[in-house]
Structure formats: C-alpha cells, structure tokens
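Novice: My structure is below; once you've seen it, I'll send some questions.
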Amino acid sequence: MSQEQTMRAWQFTDVGKPLTMSEVPAPAPAAGELVVHVRAAGLCHSDVGFLDGTLTPLLPFRPITLGHEIAGIVSAVGPDVTEFSVGQKVVIPAAIEGPGTSLNGGFADEVVVPERLVVALPDGVPFDQAAAATDAGLTSYHAVSVQGRVSPGARVGIIGLGGLGSLGAQTALALGARLFVAEKNERVHDFPRSLGAESVASDITDFAGEGLDVVIDFAGFGTTTDGAIHSVRRGGRIVQVGLGRARGEIDLQALTLNEVELVGSQAGTKEDCVAVLDLVAEGRLSSRITEIGFEEIADGIGRLERGEVIGRLVASFG
C-alpha cells in the first residue's frame, strides 16, 4: 500500500483561536476539478472576520483551510476538464462558493477547485500581483466599471485609498476618468498624485463644487457616504463598497431632491477578474504589496487585524 501524500495547510479551527499549521492529505481532483500548486495567496480582512466570529457563519465546516486569493500552476486535472492542462498558470477569483470560504483554500501547498471557477493567468503577470487581483482587484474593478459605469471623461471621486481604493483609483484612470481622491491619511496623498489624480483632499466634501459624476466609497463609515451625497452632482451616482460601519446616517433630503443614485457593490465576476488581469498585464494597474512567506501567514493575519498593513499582504511560496 502506498503511503498517503500530505501537505502543509493553515487551518481555522475555532473563533478566537489563531490559525493552526497542520499536515493534511494532499488533494486529488474529481471529475470537473483541477489541483493548483499554490505560488501566492493573498491575505484579506475577511480572513480576520472568519477568526473573530464576524464572518464565521459563512464557513460550512471546520477545520477549514483559509485563503481565497490564489494564484499558481495547475498540477493535476480530473476527468472532464477541458479548458486547463498541467503546467498552466492560473488564478482562482474569490467567490463565496470557492476555496477559502466554501472549500479548503489556498493557505496550503495545493488546492483543489472546480474548473468553472478558474481563470487563466496572462503572461507577464507576477503571481503576487495575480493573487491580489483575484479579490481586491476584481472588487475594485466591479465597483468602478460595472456598478459605477465609469466612462472616459467622467469625473470620479474615490473615498479611501487603502488596498481597494488604490486599485479603484487606478481602474478609473485606466477607463479614462478624471480622478479626485479623498483620503484622511495625508501621509499617502503623494501616491494618488503620482498616479495622476487631478486633486487630493482629506474629505470628499472638499470636491462639492467639482461636479463629480460618480463617487465610490471604499471606506463606508456612514459619514463618508453622507459626504458623498453632498459632493456628487445632481443625478450623479454613489457606489458603496466599504463597510467600515454596518449602519450609517445619510441625508435623505439631499439624496432625494438631487436625484442621486446610491448602489451597493460586492466582489465581482470571472469576467471582471479577466479584465483586471489584462490591466495588470498592460502595466495600468498594480497592487501595493507586502510580501511574506508561507510560515508567516498566521502572523500576517494578526498584522491585518492590528491595522499594520498598507496595501495588500501576499504570501509567496511554492
């Protein structure tokens, strides 16, 4: 009898406990599935939510291997897999039904995934940038392009220039928009200017006279959404992405009398991920990445929880 192959995996076991490094059986693909040898896995604030109990109800079983921002190389394919082959570079766009949420995820040497969830990785895109693109990238792109309907020449306000906001700003510029950025942390104001922002301020209401067509709120502290209502032009659109607070108070009178549209935006699609990877490949979009090793993943989650990370934290290994 052959000895069962094992691999390393960082597993969530219970609320309030840190991730546990375990030796688990290496996955084998069933029909319609493939195995990806993980080369990079992004860490996300959702992972913090799984550990602290906020998002734990989303997880169908435990222990479960977390990690939903995944880039790597196909190492095995099951029967009926037609679009991918061993040795191909791929990503797995973040999805509720995907690895790291409903299935064992990418904080492991290998991950098994249904073929329908996988996207080919274009040449020239590094694995760390690809991993960040699978969640932050597609979420930002979906908010700006799909929900925000940003088009060339549009005047776009971005609230919050964290990992999502910086990608949203780059997406708006890539779509030909004029960019106005509101970010409370003045120490990072030079960054959006370097990207090509027309103006940078600490509060979105500083742009109330600019005739903003669209405002995308990547912060979501209630006051930011209310500020967006008072800053966007009559008939303009606000896209809510950030959830810094679960509830907020807004000026319904201003919203109504100025016929402002307020829409939500969450995650994205495979098509959004493809579009984002193309922008990365073209050099028009790039995440600000802090790279760590596989052994540092549990500590990295702690750094996220303490707010010590600027941009995106990505574990590179494999």
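Just remember, in the structure tokens the first chain shown is A, the second B, etc., residues are 1-based per chain, and ligands are 1-based in the order shown.
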Identify all residues of stretch 166-300 of chain A in alpha helix (DSSP H) (DSSP on the backbone) and supply them as a PyMOL selection string.

Specialist: chain A and resi 166-174+190-195+223-229+252-257+270-281+297-300

Novice: Can you tell me, as an mmCIF file with N, CA and C atoms, in the first residue's frame, what residues are no more than 9 Å from A:Ala132 when counting only C-alpha atoms, ignoring any on the same chain fewer than 4 positions away?

Specialist:
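Okay, this is what ended up in result_22.cif:
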data_model
loop_
_atom_site.group_PDB
_atom_site.id
_atom_site.type_symbol
_atom_site.label_atom_id
_atom_site.label_comp_id
_atom_site.auth_asym_id
_atom_site.auth_seq_id
_atom_site.Cartn_x
_atom_site.Cartn_y
_atom_site.Cartn_z
ATOM 1 N N ALA A 40 1.169 31.859 -4.784
ATOM 2 C CA ALA A 40 0.924 33.069 -3.991
ATOM 3 C C ALA A 40 -0.507 33.045 -3.488
ATOM 4 N N ALA A 41 -0.683 33.491 -2.253
ATOM 5 C CA ALA A 41 -2.017 33.559 -1.653
ATOM 6 C C ALA A 41 -2.141 34.867 -0.887
ATOM 7 N N GLY A 42 -3.143 35.661 -1.243
ATOM 8 C CA GLY A 42 -3.341 36.935 -0.577
ATOM 9 C C GLY A 42 -4.061 36.778 0.745
ATOM 10 N N LEU A 43 -3.714 37.659 1.688
ATOM 11 C CA LEU A 43 -4.403 37.723 2.978
ATOM 12 C C LEU A 43 -5.394 38.866 2.927
ATOM 13 N N GLU A 69 -7.552 34.176 -2.064
ATOM 14 C CA GLU A 69 -6.897 34.952 -3.131
ATOM 15 C C GLU A 69 -5.722 34.114 -3.632
ATOM 16 N N ILE A 70 -5.914 33.383 -4.725
ATOM 17 C CA ILE A 70 -4.998 32.291 -5.068
ATOM 18 C C ILE A 70 -4.481 32.414 -6.494
ATOM 19 N N ALA A 71 -3.156 32.247 -6.630
ATOM 20 C CA ALA A 71 -2.529 32.161 -7.950
ATOM 21 C C ALA A 71 -1.516 31.029 -7.916
ATOM 22 N N PHE A 127 2.955 36.273 -9.836
ATOM 23 C CA PHE A 127 1.978 35.554 -9.012
ATOM 24 C C PHE A 127 1.448 36.416 -7.871
ATOM 25 N N ASP A 128 2.298 37.270 -7.267
ATOM 26 C CA ASP A 128 1.810 38.074 -6.141
ATOM 27 C C ASP A 128 0.768 39.090 -6.599
ATOM 28 N N ALA A 136 -9.200 41.916 -4.291
ATOM 29 C CA ALA A 136 -9.177 43.380 -4.270
ATOM 30 C C ALA A 136 -9.310 43.943 -5.679
ATOM 31 N N GLY A 137 -8.627 43.336 -6.625
ATOM 32 C CA GLY A 137 -8.656 43.825 -7.990
ATOM 33 C C GLY A 137 -10.035 43.739 -8.615
ATOM 34 N N LEU A 138 -10.628 42.556 -8.560
ATOM 35 C CA LEU A 138 -11.935 42.398 -9.208
ATOM 36 C C LEU A 138 -13.029 43.161 -8.460
ATOM 37 N N SER A 287 -1.064 46.429 -7.520
ATOM 38 C CA SER A 287 -1.320 46.487 -6.081
ATOM 39 C C SER A 287 -0.040 46.861 -5.334
ATOM 40 N N ILE A 289 2.032 45.827 -2.608
ATOM 41 C CA ILE A 289 2.106 44.518 -1.953
ATOM 42 C C ILE A 289 3.232 44.457 -0.920
ATOM 43 N N ARG A 312 -1.793 45.517 0.133
ATOM 44 C CA ARG A 312 -2.191 44.119 0.237
ATOM 45 C C ARG A 312 -1.038 43.269 0.751
ATOM 46 N N LEU A 313 -1.366 42.316 1.597
ATOM 47 C CA LEU A 313 -0.400 41.377 2.159
ATOM 48 C C LEU A 313 -0.529 40.061 1.398
ATOM 49 N N VAL A 314 0.569 39.595 0.799
ATOM 50 C CA VAL A 314 0.527 38.387 -0.031
ATOM 51 C C VAL A 314 1.629 37.423 0.409
#

Novice: Excluding A:Phe61 and residues on its chain fewer than 5 positions from it, collect all residues at most 12 Å away from it, counting only C-alpha atoms, and give them as a list of chain:residue names.

Specialist: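 Counting only C-alpha atoms, the residues come to A:Gln11, A:Phe12, A:Thr13, A:Asp14, A:Phe50, A:Thr56, A:Leu66, A:Gly100, A:Thr101, A:Ser102, A:Leu103, A:Asn104.
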
Novice: Kindly export the residues of the current selection with C-alpha atoms, as an mmCIF file, in the first residue's frame.

Specialist:
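What landed in result26.cif:
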data_model
loop_
_atom_site.group_PDB
_atom_site.id
_atom_site.type_symbol
_atom_site.label_atom_id
_atom_site.label_comp_id
_atom_site.auth_asym_id
_atom_site.auth_seq_id
_atom_site.Cartn_x
_atom_site.Cartn_y
_atom_site.Cartn_z
ATOM 1 C CA GLN A 11 -6.476 25.856 9.172
ATOM 2 C CA PHE A 12 -9.184 27.716 11.032
ATOM 3 C CA THR A 13 -10.419 25.622 13.961
ATOM 4 C CA ASP A 14 -12.493 27.897 16.214
ATOM 5 C CA PHE A 50 -13.545 34.398 9.972
ATOM 6 C CA THR A 56 -17.633 32.618 10.635
ATOM 7 C CA LEU A 66 -8.493 29.535 4.621
ATOM 8 C CA GLY A 100 -11.153 29.641 1.354
ATOM 9 C CA THR A 101 -14.859 30.130 2.034
ATOM 10 C CA SER A 102 -16.912 27.097 0.995
ATOM 11 C CA LEU A 103 -13.968 24.799 0.174
ATOM 12 C CA ASN A 104 -10.499 24.306 1.589
#

Novice: Return as a tab-separated table the residues of stretch 152-210 of chain A lying at most 7 Å from stretch 219-233 of chain A, together with the closest atom-to-atom pair for each and the distance in Å to one decimal, counting only C-alpha atoms, with rows in chain order and ascending residue number.

Specialist:
residue	atom	partner	partner_atom	distance
A:Ile159	CA	A:Ala219	CA	6.2
A:Gly160	CA	A:Ala219	CA	5.3
A:Ile204	CA	A:Gly227	CA	6.1
A:Thr205	CA	A:Ser231	CA	5.3
A:Phe207	CA	A:Ser231	CA	6.1
A:Ala208	CA	A:Ser231	CA	4.0

Novice: Leaving out A:Glu23 and any residue of its chain fewer than 4 positions from it, which residues lie within 7 Å of it when counting only C-alpha atoms, given as an MDAnalysis selection string?

Specialist: chainID A and resid 6:9

Novice: Between atom CA of A:Arg178 and atom CA of A:Gly211, what is the distance in Å, rounded to a tenth?

Specialist: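 Atom-to-atom, atom CA of A:Arg178 and atom CA of A:Gly211 are spaced 11.2 Å apart.
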
Novice: Write out as an MDAnalysis selection string each polymer residue whose atoms come within 12 Å of A:Thr134, counting only C-alpha atoms; drop sequence neighbours fewer than 4 positions from it.

Specialist: chainID A and resid 40:44 67:72 90:95 98:99 117:121 127:130 138:142 164 267:277 280 287 312 314

Novice: Find the residues near A:Gly302: any atom within 10 Å, counting only C-alpha atoms, skip ones fewer than 6 places away on the same chain, and give them as JSON, numbers by chain.

Specialist: {"A": [18, 48, 308, 309]}

Novice: For the residues in that selection, give me all heavy atoms as a PDB file, in the first residue's frame.

Specialist:
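Output saved as result.pdb:
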ATOM      1  N   PRO A  18      -5.953  31.370  16.877  1.00  0.00           N
ATOM      2  CA  PRO A  18      -5.165  31.651  15.673  1.00  0.00           C
ATOM      3  C   PRO A  18      -5.209  30.478  14.706  1.00  0.00           C
ATOM      4  O   PRO A  18      -5.596  29.359  15.070  1.00  0.00           O
ATOM      5  CB  PRO A  18      -3.750  31.868  16.228  1.00  0.00           C
ATOM      6  CG  PRO A  18      -3.727  31.092  17.500  1.00  0.00           C
ATOM      7  CD  PRO A  18      -5.112  31.192  18.071  1.00  0.00           C
ATOM      8  N   VAL A  48      -9.653  37.841   8.772  1.00  0.00           N
ATOM      9  CA  VAL A  48      -9.774  38.312  10.151  1.00  0.00           C
ATOM     10  C   VAL A  48     -11.201  38.092  10.647  1.00  0.00           C
ATOM     11  O   VAL A  48     -11.422  37.644  11.773  1.00  0.00           O
ATOM     12  CB  VAL A  48      -9.391  39.803  10.258  1.00  0.00           C
ATOM     13  CG1 VAL A  48      -9.629  40.317  11.684  1.00  0.00           C
ATOM     14  CG2 VAL A  48      -7.946  40.019   9.847  1.00  0.00           C
ATOM     15  N   GLU A 308      -1.780  47.125  10.611  1.00  0.00           N
ATOM     16  CA  GLU A 308      -0.375  47.438  10.353  1.00  0.00           C
ATOM     17  C   GLU A 308       0.020  47.318   8.881  1.00  0.00           C
ATOM     18  O   GLU A 308       1.181  47.538   8.540  1.00  0.00           O
ATOM     19  CB  GLU A 308       0.517  46.504  11.182  1.00  0.00           C
ATOM     20  CG  GLU A 308       0.333  46.643  12.678  1.00  0.00           C
ATOM     21  CD  GLU A 308       1.083  45.588  13.482  1.00  0.00           C
ATOM     22  OE1 GLU A 308       1.730  44.715  12.868  1.00  0.00           O
ATOM     23  OE2 GLU A 308       1.017  45.641  14.724  1.00  0.00           O
ATOM     24  N   VAL A 309      -0.930  46.963   8.021  1.00  0.00           N
ATOM     25  CA  VAL A 309      -0.597  46.693   6.619  1.00  0.00           C
ATOM     26  C   VAL A 309      -1.102  47.810   5.719  1.00  0.00           C
ATOM     27  O   VAL A 309      -2.266  48.210   5.795  1.00  0.00           O
ATOM     28  CB  VAL A 309      -1.199  45.350   6.158  1.00  0.00           C
ATOM     29  CG1 VAL A 309      -0.860  45.086   4.698  1.00  0.00           C
ATOM     30  CG2 VAL A 309      -0.700  44.213   7.041  1.00  0.00           C
TER      31      VAL A 309
END
